[in-house]
Every structure is written in structure tokens, then in C-alpha cells.
>>> print(open('input_19.pdb').read())   # PDB, C-alpha atoms
MODEL        1
ATOM      1  CA  MET A   1      -7.786   6.388   9.741  1.00  0.00           C
ATOM      2  CA  LYS A   2      -7.218   8.022   6.362  1.00  0.00           C
ATOM      3  CA  ILE A   3      -4.028   7.338   4.411  1.00  0.00           C
ATOM      4  CA  TYR A   4      -2.278   8.308   1.193  1.00  0.00           C
ATOM      5  CA  LEU A   5      -1.892   5.642  -1.473  1.00  0.00           C
ATOM      6  CA  ALA A   6       1.328   6.346  -3.365  1.00  0.00           C
ATOM      7  CA  SER A   7       0.368   4.362  -6.445  1.00  0.00           C
ATOM      8  CA  LYS A   8      -1.199   4.932  -9.849  1.00  0.00           C
ATOM      9  CA  SER A   9      -2.549   1.362  -9.960  1.00  0.00           C
ATOM     10  CA  PRO A  10      -6.335   1.170 -10.360  1.00  0.00           C
ATOM     11  CA  ARG A  11      -6.225  -2.352  -8.881  1.00  0.00           C
ATOM     12  CA  ARG A  12      -4.613  -1.094  -5.674  1.00  0.00           C
ATOM     13  CA  ARG A  13      -7.289   1.605  -5.429  1.00  0.00           C
ATOM     14  CA  GLU A  14     -10.008  -1.053  -5.852  1.00  0.00           C
ATOM     15  CA  LEU A  15      -8.455  -3.259  -3.182  1.00  0.00           C
ATOM     16  CA  LEU A  16      -8.117  -0.462  -0.601  1.00  0.00           C
ATOM     17  CA  THR A  17     -11.746   0.474  -1.314  1.00  0.00           C
ATOM     18  CA  GLN A  18     -12.683  -3.185  -0.767  1.00  0.00           C
ATOM     19  CA  MET A  19     -10.955  -2.984   2.640  1.00  0.00           C
ATOM     20  CA  GLU A  20     -13.035   0.152   3.421  1.00  0.00           C
ATOM     21  CA  ILE A  21      -9.888   2.153   4.124  1.00  0.00           C
ATOM     22  CA  PRO A  22     -10.331   5.864   3.330  1.00  0.00           C
ATOM     23  CA  PHE A  23      -7.474   7.144   1.182  1.00  0.00           C
ATOM     24  CA  GLU A  24      -6.263   9.821  -1.188  1.00  0.00           C
ATOM     25  CA  VAL A  25      -4.103   8.961  -4.171  1.00  0.00           C
ATOM     26  CA  LEU A  26      -0.652  10.561  -4.071  1.00  0.00           C
ATOM     27  CA  PRO A  27       0.933   9.873  -7.475  1.00  0.00           C
ATOM     28  CA  ILE A  28       4.724   9.632  -7.524  1.00  0.00           C
ATOM     29  CA  ASP A  29       7.355   8.673 -10.077  1.00  0.00           C
ATOM     30  CA  THR A  30      10.437   6.771  -8.973  1.00  0.00           C
ATOM     31  CA  PRO A  31      13.054   5.108 -11.194  1.00  0.00           C
ATOM     32  CA  GLU A  32      12.819   1.317 -11.158  1.00  0.00           C
ATOM     33  CA  ILE A  33      16.255   0.063 -12.219  1.00  0.00           C
ATOM     34  CA  ILE A  34      17.714  -3.230 -11.015  1.00  0.00           C
ATOM     35  CA  GLN A  35      21.173  -2.803  -9.467  1.00  0.00           C
ATOM     36  CA  PRO A  36      24.010  -5.256 -10.213  1.00  0.00           C
ATOM     37  CA  ASN A  37      23.942  -8.340  -7.933  1.00  0.00           C
ATOM     38  CA  GLU A  38      20.524  -7.356  -6.547  1.00  0.00           C
ATOM     39  CA  THR A  39      18.141 -10.267  -5.960  1.00  0.00           C
ATOM     40  CA  PRO A  40      14.486  -9.767  -6.966  1.00  0.00           C
ATOM     41  CA  GLU A  41      13.530  -9.624  -3.274  1.00  0.00           C
ATOM     42  CA  MET A  42      16.204  -7.017  -2.466  1.00  0.00           C
ATOM     43  CA  TYR A  43      15.074  -5.003  -5.504  1.00  0.00           C
ATOM     44  CA  SER A  44      11.383  -5.037  -4.538  1.00  0.00           C
ATOM     45  CA  ARG A  45      12.142  -4.015  -0.951  1.00  0.00           C
ATOM     46  CA  ARG A  46      14.468  -1.195  -2.066  1.00  0.00           C
ATOM     47  CA  VAL A  47      11.992   0.153  -4.642  1.00  0.00           C
ATOM     48  CA  THR A  48       9.240   0.157  -2.004  1.00  0.00           C
ATOM     49  CA  LYS A  49      11.451   2.146   0.393  1.00  0.00           C
ATOM     50  CA  GLU A  50      12.316   4.607  -2.381  1.00  0.00           C
ATOM     51  CA  LYS A  51       8.614   5.058  -3.169  1.00  0.00           C
ATOM     52  CA  LEU A  52       7.894   5.717   0.522  1.00  0.00           C
ATOM     53  CA  ASP A  53      10.695   8.301   0.716  1.00  0.00           C
ATOM     54  CA  ALA A  54       9.554  10.021  -2.491  1.00  0.00           C
ATOM     55  CA  ALA A  55       5.957  10.143  -1.273  1.00  0.00           C
ATOM     56  CA  TRP A  56       6.895  11.484   2.188  1.00  0.00           C
ATOM     57  CA  ASN A  57       9.167  14.118   0.617  1.00  0.00           C
ATOM     58  CA  LYS A  58       6.276  15.170  -1.648  1.00  0.00           C
ATOM     59  CA  ILE A  59       3.997  15.541   1.406  1.00  0.00           C
ATOM     60  CA  ILE A  60       6.597  17.757   3.146  1.00  0.00           C
ATOM     61  CA  LYS A  61       7.544  19.761   0.049  1.00  0.00           C
ATOM     62  CA  ASN A  62       3.930  20.450  -0.990  1.00  0.00           C
ATOM     63  CA  LYS A  63       2.838  21.066   2.628  1.00  0.00           C
ATOM     64  CA  LEU A  64       0.135  18.396   2.360  1.00  0.00           C
ATOM     65  CA  PRO A  65      -1.693  17.289   5.505  1.00  0.00           C
ATOM     66  CA  PRO A  66       0.524  14.630   7.122  1.00  0.00           C
ATOM     67  CA  MET A  67      -1.119  11.194   6.952  1.00  0.00           C
ATOM     68  CA  PRO A  68       0.403   7.708   6.772  1.00  0.00           C
ATOM     69  CA  VAL A  69       1.497   6.843   3.242  1.00  0.00           C
ATOM     70  CA  LEU A  70       1.149   3.337   1.814  1.00  0.00           C
ATOM     71  CA  CYS A  71       2.864   2.000  -1.276  1.00  0.00           C
ATOM     72  CA  ALA A  72       3.666  -1.348  -2.831  1.00  0.00           C
ATOM     73  CA  ASP A  73       5.826  -2.992  -5.461  1.00  0.00           C
ATOM     74  CA  THR A  74       4.943  -6.249  -7.233  1.00  0.00           C
ATOM     75  CA  GLU A  75       7.474  -8.330  -9.135  1.00  0.00           C
ATOM     76  CA  VAL A  76       6.910 -11.543 -11.088  1.00  0.00           C
ATOM     77  CA  ILE A  77       9.919 -13.885 -10.997  1.00  0.00           C
ATOM     78  CA  LEU A  78      10.737 -16.932 -13.119  1.00  0.00           C
ATOM     79  CA  ASP A  79      14.045 -18.791 -12.900  1.00  0.00           C
ATOM     80  CA  GLY A  80      15.391 -16.080 -10.564  1.00  0.00           C
ATOM     81  CA  LYS A  81      14.734 -13.311 -13.108  1.00  0.00           C
ATOM     82  CA  ILE A  82      12.311 -10.388 -12.755  1.00  0.00           C
ATOM     83  CA  LEU A  83       9.760 -10.299 -15.567  1.00  0.00           C
ATOM     84  CA  GLY A  84       8.745  -6.653 -15.748  1.00  0.00           C
ATOM     85  CA  LYS A  85       5.972  -4.983 -17.708  1.00  0.00           C
ATOM     86  CA  PRO A  86       6.037  -6.059 -21.361  1.00  0.00           C
ATOM     87  CA  ARG A  87       7.382  -3.650 -23.974  1.00  0.00           C
ATOM     88  CA  ASP A  88       5.021  -5.012 -26.628  1.00  0.00           C
ATOM     89  CA  ARG A  89       2.595  -7.800 -27.542  1.00  0.00           C
ATOM     90  CA  GLN A  90       5.345 -10.204 -28.665  1.00  0.00           C
ATOM     91  CA  GLU A  91       7.236  -9.862 -25.383  1.00  0.00           C
ATOM     92  CA  ALA A  92       3.977 -10.457 -23.489  1.00  0.00           C
ATOM     93  CA  PHE A  93       3.326 -13.579 -25.603  1.00  0.00           C
ATOM     94  CA  ASN A  94       6.813 -14.961 -24.902  1.00  0.00           C
ATOM     95  CA  THR A  95       6.506 -14.238 -21.172  1.00  0.00           C
ATOM     96  CA  LEU A  96       3.101 -15.896 -20.880  1.00  0.00           C
ATOM     97  CA  LYS A  97       4.271 -18.893 -22.927  1.00  0.00           C
ATOM     98  CA  SER A  98       7.127 -19.370 -20.432  1.00  0.00           C
ATOM     99  CA  TYR A  99       4.523 -19.937 -17.649  1.00  0.00           C
ATOM    100  CA  SER A 100       2.902 -22.902 -19.428  1.00  0.00           C
ATOM    101  CA  ASN A 101       2.895 -25.972 -17.122  1.00  0.00           C
ATOM    102  CA  ARG A 102       5.229 -24.167 -14.713  1.00  0.00           C
ATOM    103  CA  THR A 103       5.257 -22.375 -11.354  1.00  0.00           C
ATOM    104  CA  HIS A 104       6.530 -18.834 -10.959  1.00  0.00           C
ATOM    105  CA  GLU A 105       6.903 -16.540  -7.974  1.00  0.00           C
ATOM    106  CA  VAL A 106       5.206 -13.219  -7.257  1.00  0.00           C
ATOM    107  CA  VAL A 107       6.652 -10.970  -4.555  1.00  0.00           C
ATOM    108  CA  THR A 108       4.821  -7.893  -3.349  1.00  0.00           C
ATOM    109  CA  SER A 109       6.506  -5.540  -0.906  1.00  0.00           C
ATOM    110  CA  VAL A 110       4.148  -3.289   1.047  1.00  0.00           C
ATOM    111  CA  GLY A 111       5.409  -0.228   2.907  1.00  0.00           C
ATOM    112  CA  LEU A 112       3.945   2.332   5.284  1.00  0.00           C
ATOM    113  CA  ARG A 113       5.579   5.586   6.386  1.00  0.00           C
ATOM    114  CA  TYR A 114       4.540   8.331   8.784  1.00  0.00           C
ATOM    115  CA  HIS A 115       7.253  10.762   9.969  1.00  0.00           C
ATOM    116  CA  ASP A 116       9.972   8.499  11.461  1.00  0.00           C
ATOM    117  CA  TYR A 117       7.818   5.367  11.401  1.00  0.00           C
ATOM    118  CA  GLN A 118       8.602   3.147   8.419  1.00  0.00           C
ATOM    119  CA  LYS A 119       7.840  -0.506   7.822  1.00  0.00           C
ATOM    120  CA  VAL A 120       8.201  -2.696   4.723  1.00  0.00           C
ATOM    121  CA  VAL A 121       6.836  -6.252   4.618  1.00  0.00           C
ATOM    122  CA  MET A 122       7.274  -8.705   1.750  1.00  0.00           C
ATOM    123  CA  ASN A 123       4.657 -11.239   0.663  1.00  0.00           C
ATOM    124  CA  THR A 124       5.605 -14.213  -1.560  1.00  0.00           C
ATOM    125  CA  THR A 125       3.103 -16.232  -3.613  1.00  0.00           C
ATOM    126  CA  PHE A 126       3.673 -19.153  -5.988  1.00  0.00           C
ATOM    127  CA  VAL A 127       1.462 -19.313  -9.089  1.00  0.00           C
ATOM    128  CA  THR A 128       1.164 -22.415 -11.292  1.00  0.00           C
ATOM    129  CA  PHE A 129      -0.285 -22.260 -14.797  1.00  0.00           C
ATOM    130  CA  SER A 130      -1.653 -25.260 -16.677  1.00  0.00           C
ATOM    131  CA  GLU A 131      -0.811 -25.648 -20.361  1.00  0.00           C
ATOM    132  CA  LEU A 132      -1.278 -22.448 -22.381  1.00  0.00           C
ATOM    133  CA  SER A 133      -1.894 -22.897 -26.095  1.00  0.00           C
ATOM    134  CA  ASP A 134      -0.996 -20.224 -28.640  1.00  0.00           C
ATOM    135  CA  ASP A 135      -4.733 -19.754 -29.337  1.00  0.00           C
ATOM    136  CA  ASP A 136      -5.455 -19.183 -25.624  1.00  0.00           C
ATOM    137  CA  LEU A 137      -2.615 -16.661 -25.393  1.00  0.00           C
ATOM    138  CA  ASN A 138      -3.621 -14.789 -28.550  1.00  0.00           C
ATOM    139  CA  HIS A 139      -7.216 -14.588 -27.308  1.00  0.00           C
ATOM    140  CA  TYR A 140      -5.992 -13.075 -24.027  1.00  0.00           C
ATOM    141  CA  LEU A 141      -3.548 -10.699 -25.703  1.00  0.00           C
ATOM    142  CA  ALA A 142      -6.300  -9.408 -28.014  1.00  0.00           C
ATOM    143  CA  SER A 143      -8.023  -7.966 -24.902  1.00  0.00           C
ATOM    144  CA  GLY A 144      -5.004  -5.721 -24.212  1.00  0.00           C
ATOM    145  CA  ASN A 145      -5.188  -6.756 -20.554  1.00  0.00           C
ATOM    146  CA  TYR A 146      -1.469  -7.590 -20.496  1.00  0.00           C
ATOM    147  CA  LYS A 147      -0.402  -3.953 -20.931  1.00  0.00           C
ATOM    148  CA  ASP A 148       1.171  -2.226 -17.924  1.00  0.00           C
ATOM    149  CA  LYS A 149       1.065  -5.475 -15.924  1.00  0.00           C
ATOM    150  CA  SER A 150       4.093  -6.965 -14.185  1.00  0.00           C
ATOM    151  CA  GLY A 151       4.648 -10.377 -15.720  1.00  0.00           C
ATOM    152  CA  SER A 152       2.205  -9.566 -18.565  1.00  0.00           C
ATOM    153  CA  TYR A 153      -0.997 -10.703 -16.855  1.00  0.00           C
ATOM    154  CA  GLY A 154      -3.761  -9.724 -14.475  1.00  0.00           C
ATOM    155  CA  ILE A 155      -4.816 -12.697 -12.326  1.00  0.00           C
ATOM    156  CA  GLN A 156      -8.385 -11.370 -12.079  1.00  0.00           C
ATOM    157  CA  SER A 157      -8.856 -11.418 -15.881  1.00  0.00           C
ATOM    158  CA  TYR A 158      -9.535 -14.054 -18.573  1.00  0.00           C
ATOM    159  CA  ILE A 159      -6.078 -15.616 -18.104  1.00  0.00           C
ATOM    160  CA  GLY A 160      -6.951 -16.536 -14.501  1.00  0.00           C
ATOM    161  CA  GLN A 161      -8.843 -19.642 -15.653  1.00  0.00           C
ATOM    162  CA  PHE A 162      -5.512 -21.230 -16.661  1.00  0.00           C
ATOM    163  CA  ILE A 163      -4.069 -20.940 -13.146  1.00  0.00           C
ATOM    164  CA  SER A 164      -4.232 -24.411 -11.624  1.00  0.00           C
ATOM    165  CA  ARG A 165      -2.704 -23.623  -8.223  1.00  0.00           C
ATOM    166  CA  ILE A 166      -1.834 -20.697  -5.964  1.00  0.00           C
ATOM    167  CA  GLU A 167       0.277 -21.045  -2.838  1.00  0.00           C
ATOM    168  CA  GLY A 168       0.038 -17.786  -0.918  1.00  0.00           C
ATOM    169  CA  CYS A 169      -2.085 -14.679  -1.283  1.00  0.00           C
ATOM    170  CA  PHE A 170      -4.299 -14.145  -4.347  1.00  0.00           C
ATOM    171  CA  TYR A 171      -4.446 -10.404  -3.654  1.00  0.00           C
ATOM    172  CA  SER A 172      -0.649 -10.185  -3.581  1.00  0.00           C
ATOM    173  CA  VAL A 173      -0.653 -11.286  -7.227  1.00  0.00           C
ATOM    174  CA  MET A 174      -3.183  -8.507  -7.924  1.00  0.00           C
ATOM    175  CA  GLY A 175      -0.702  -6.065  -6.387  1.00  0.00           C
ATOM    176  CA  LEU A 176      -1.770  -5.569  -2.765  1.00  0.00           C
ATOM    177  CA  PRO A 177      -1.899  -8.400  -0.190  1.00  0.00           C
ATOM    178  CA  LEU A 178      -4.843  -7.343   1.959  1.00  0.00           C
ATOM    179  CA  SER A 179      -3.856  -9.316   5.067  1.00  0.00           C
ATOM    180  CA  THR A 180      -0.369  -7.742   4.962  1.00  0.00           C
ATOM    181  CA  VAL A 181      -1.874  -4.246   4.642  1.00  0.00           C
ATOM    182  CA  ARG A 182      -4.174  -4.930   7.602  1.00  0.00           C
ATOM    183  CA  GLU A 183      -1.252  -6.203   9.727  1.00  0.00           C
ATOM    184  CA  ILE A 184       0.936  -3.180   8.867  1.00  0.00           C
ATOM    185  CA  LEU A 185      -1.880  -0.768   9.755  1.00  0.00           C
ATOM    186  CA  GLN A 186      -2.504  -2.605  13.044  1.00  0.00           C
ATOM    187  CA  ASP A 187       1.210  -2.440  13.864  1.00  0.00           C
ATOM    188  CA  PHE A 188       1.240   1.269  13.031  1.00  0.00           C
ATOM    189  CA  LYS A 189      -1.735   1.961  15.335  1.00  0.00           C
ATOM    190  CA  LYS A 190       0.069   0.195  18.203  1.00  0.00           C
ATOM    191  CA  ALA A 191       3.345   2.022  17.529  1.00  0.00           C
ATOM    192  CA  ILE A 192       1.795   5.458  16.985  1.00  0.00           C
ATOM    193  CA  PRO A 193      -1.364   5.805  19.110  1.00  0.00           C
ATOM    194  CA  GLN A 194      -3.847   8.118  17.374  1.00  0.00           C
TER     195      GLN A 194
ENDMDL
END
>>> encode(input="input_19.pdb", output="C-alpha cells")
Amino acid sequence: MKIYLASKSPRRRELLTQMEIPFEVLPIDTPEIIQPNETPEMYSRRVTKEKLDAAWNKIIKNKLPPMPVLCADTEVILDGKILGKPRDRQEAFNTLKSYSNRTHEVVTSVGLRYHDYQKVVMNTTFVTFSELSDDDLNHYLASGNYKDKSGSYGIQSYIGQFISRIEGCFYSVMGLPLSTVREILQDFKKAIPQ
């Protein structure tokens, strides 16, 4: 079964390829603004639904071949606050420093839409960093790998060696929990026989 991936993330493309799922990239732009009194989990779920709607509308509007569309949203949370993509190197440094000897949460919402079928599932993972020295952080930041990353890091990069514990899905922290994707696709196949 071929699907659309409504994401610009190269990591999500790599992970779908790893799963041997044929896909086409369907780039979309949706505003990502936290609403008042919205919890991080509510925000991630809502953004995922908005991405699904935008992608499906693009398929209809551009008369693209209808195929299931998959999208995801990953948020890094510390002390109940979403830590988005860093604006600059200093913000990335401060964010990473806040993880030192602490556990933070990563939520990834995954959604699938095809005509009236729509499903969004959330995956939660807890990530614990050991102590991070300023030298370690500056070495990592010099690579530029923090740019365009939720929470200022990519788990699969140099910084990963400072992660002492993960409770949950490693791939969710990368941006696409593979087991969740597989379960959603299985559910879809049962609901909408091909």
C-alpha cells in the first residue's frame, strides 16, 4: 500500500523507508501556535489533525491520486512546557543544559487520513540525560545538528551518548514511532479493505 507522507522531515522519510512502506512526500505548511490553556498533549494532537486536514485538502484541490496520508508531530516537554525548535545557538545551549541529570518527555502524535477515515494516536517517551558539561554541549552545537530539531537535539546524533535511559519508543524521539505507524496502518486495512 502506497501512502503520502505529509512531512518535510528527512528523518521521517528515512524511517518510512526503513519500514519498507512506499510513499510520496506531500509537503504542507500549517501554523503551529499553542492556544491558551492547551496542554502539550492537546496541542500535539490538534496540530496533527490540522496537518491531516491540510494534506487531504491539498490532495482534493490539486486532484492528486487519493491515497492514505500520514503525518506526525513531535513535541519535547520539560516541566509541563513545550520546548520547540531553537531560535539560535544560545537558546539551544540553554535548552540542552536544562536536560542535564534530568528526565524530559517526548510526545509524538501520528495521524492517518483517507476520505472519512481519520485516526490520531499519541506515543509518549521519557528521556533521561546524564550530566552535560558546557564543553560537551559546545562540541555538539558546533555540528549544527540542533537546528530545526524539536527540543534542540537529534537522538541519533553525537548527543545520544549522553542519554542514560529511555522509557518508551526510541523512534518516537526521532519523530516517528514505527510500532505506532504499523498499528495505525493495520487498523486502516481492517477498517477500509483494499
>>> residues_around(input="input_19.pdb", residues="Phe170 of chain A", least_positions_apart="5", cutoff="9 Å", atoms="only C-alpha atoms", output="number ranges by chain")
A: 125, 155, 177
>>> resolve_selection(input="input_19.pdb", expression="the PyMOL selection byres ((chain A and resi 80) around 12)", output="list of chain:residue names")
A:Asn37, A:Glu38, A:Thr39, A:Pro40, A:Glu41, A:Glu75, A:Val76, A:Ile77, A:Leu78, A:Asp79, A:Lys81, A:Ile82, A:Leu83, A:Thr103, A:His104, A:Glu105, A:Val106, A:Val107
>>> resolve_selection(input="input_19.pdb", expression="the PyMOL selection byres ((chain A and resi 129) around 10)", output="VMD selection string")
chain A and resid 96 to 104 127 to 128 130 to 132 159 to 166
>>> resolve_selection(input="input_19.pdb", expression="the PyMOL selection byres ((chain A and resi 142) around 12)", output="mmCIF file with C-alpha atoms, in the coordinates of the input")
data_model
loop_
_atom_site.group_PDB
_atom_site.id
_atom_site.type_symbol
_atom_site.label_atom_id
_atom_site.label_comp_id
_atom_site.auth_asym_id
_atom_site.auth_seq_id
_atom_site.Cartn_x
_atom_site.Cartn_y
_atom_site.Cartn_z
ATOM 1 C CA ARG A 89 2.595 -7.800 -27.542
ATOM 2 C CA GLN A 90 5.345 -10.204 -28.665
ATOM 3 C CA ALA A 92 3.977 -10.457 -23.489
ATOM 4 C CA PHE A 93 3.326 -13.579 -25.603
ATOM 5 C CA ASP A 135 -4.733 -19.754 -29.337
ATOM 6 C CA ASP A 136 -5.455 -19.183 -25.624
ATOM 7 C CA LEU A 137 -2.615 -16.661 -25.393
ATOM 8 C CA ASN A 138 -3.621 -14.789 -28.550
ATOM 9 C CA HIS A 139 -7.216 -14.588 -27.308
ATOM 10 C CA TYR A 140 -5.992 -13.075 -24.027
ATOM 11 C CA LEU A 141 -3.548 -10.699 -25.703
ATOM 12 C CA SER A 143 -8.023 -7.966 -24.902
ATOM 13 C CA GLY A 144 -5.004 -5.721 -24.212
ATOM 14 C CA ASN A 145 -5.188 -6.756 -20.554
ATOM 15 C CA TYR A 146 -1.469 -7.590 -20.496
ATOM 16 C CA LYS A 147 -0.402 -3.953 -20.931
ATOM 17 C CA TYR A 158 -9.535 -14.054 -18.573
ATOM 18 C CA ILE A 159 -6.078 -15.616 -18.104
#
>>> closest_residue(input="input_19.pdb", among="A:Tyr153, A:Tyr4, A:Tyr171, A:Phe23", to="Pro68 of chain A", atoms="only C-alpha atoms")
A:Tyr4
>>> atom_distance(input="input_19.pdb", atom1="atom CA of Glu24 of chain A", atom2="atom CA of Trp56 of chain A")
13.7 Å
>>> residues_around(input="input_19.pdb", residues="Leu178 of chain A", least_positions_apart="3", cutoff="10 Å", atoms="only C-alpha atoms", output="PyMOL selection string")
chain A and resi 12+15-16+18-19+110+169-172+175+181-184
>>> atom_distance(input="input_19.pdb", atom1="atom CA of Ile33 of chain A", atom2="atom CA of Asp73 of chain A")
12.8 Å
>>> closest_residue(input="input_19.pdb", among="A:Asn94, A:Gln118, A:Thr74, A:Ser109", to="Leu52 of chain A", atoms="all atoms listed in the file")
A:Gln118
>>> atom_distance(input="input_19.pdb", atom1="atom CA of Ile3 of chain A", atom2="atom CA of Leu112 of chain A")
9.5 Å
>>> closest_residue(input="input_19.pdb", among="A:Leu185, A:Met67, A:Met1, A:Ile28", to="Thr48 of chain A", atoms="only C-alpha atoms")
A:Ile28
>>> closest_residue(input="input_19.pdb", among="A:Asn62, A:Ser7, A:Ser44, A:Asn123", to="Ser179 of chain A", atoms="only C-alpha atoms")
A:Asn123
>>> residues_around(input="input_19.pdb", residues="Pro31 of chain A", least_positions_apart="2", cutoff="10 Å", atoms="only C-alpha atoms", output="PyMOL selection string")
chain A and resi 29+33-34+47+50-51
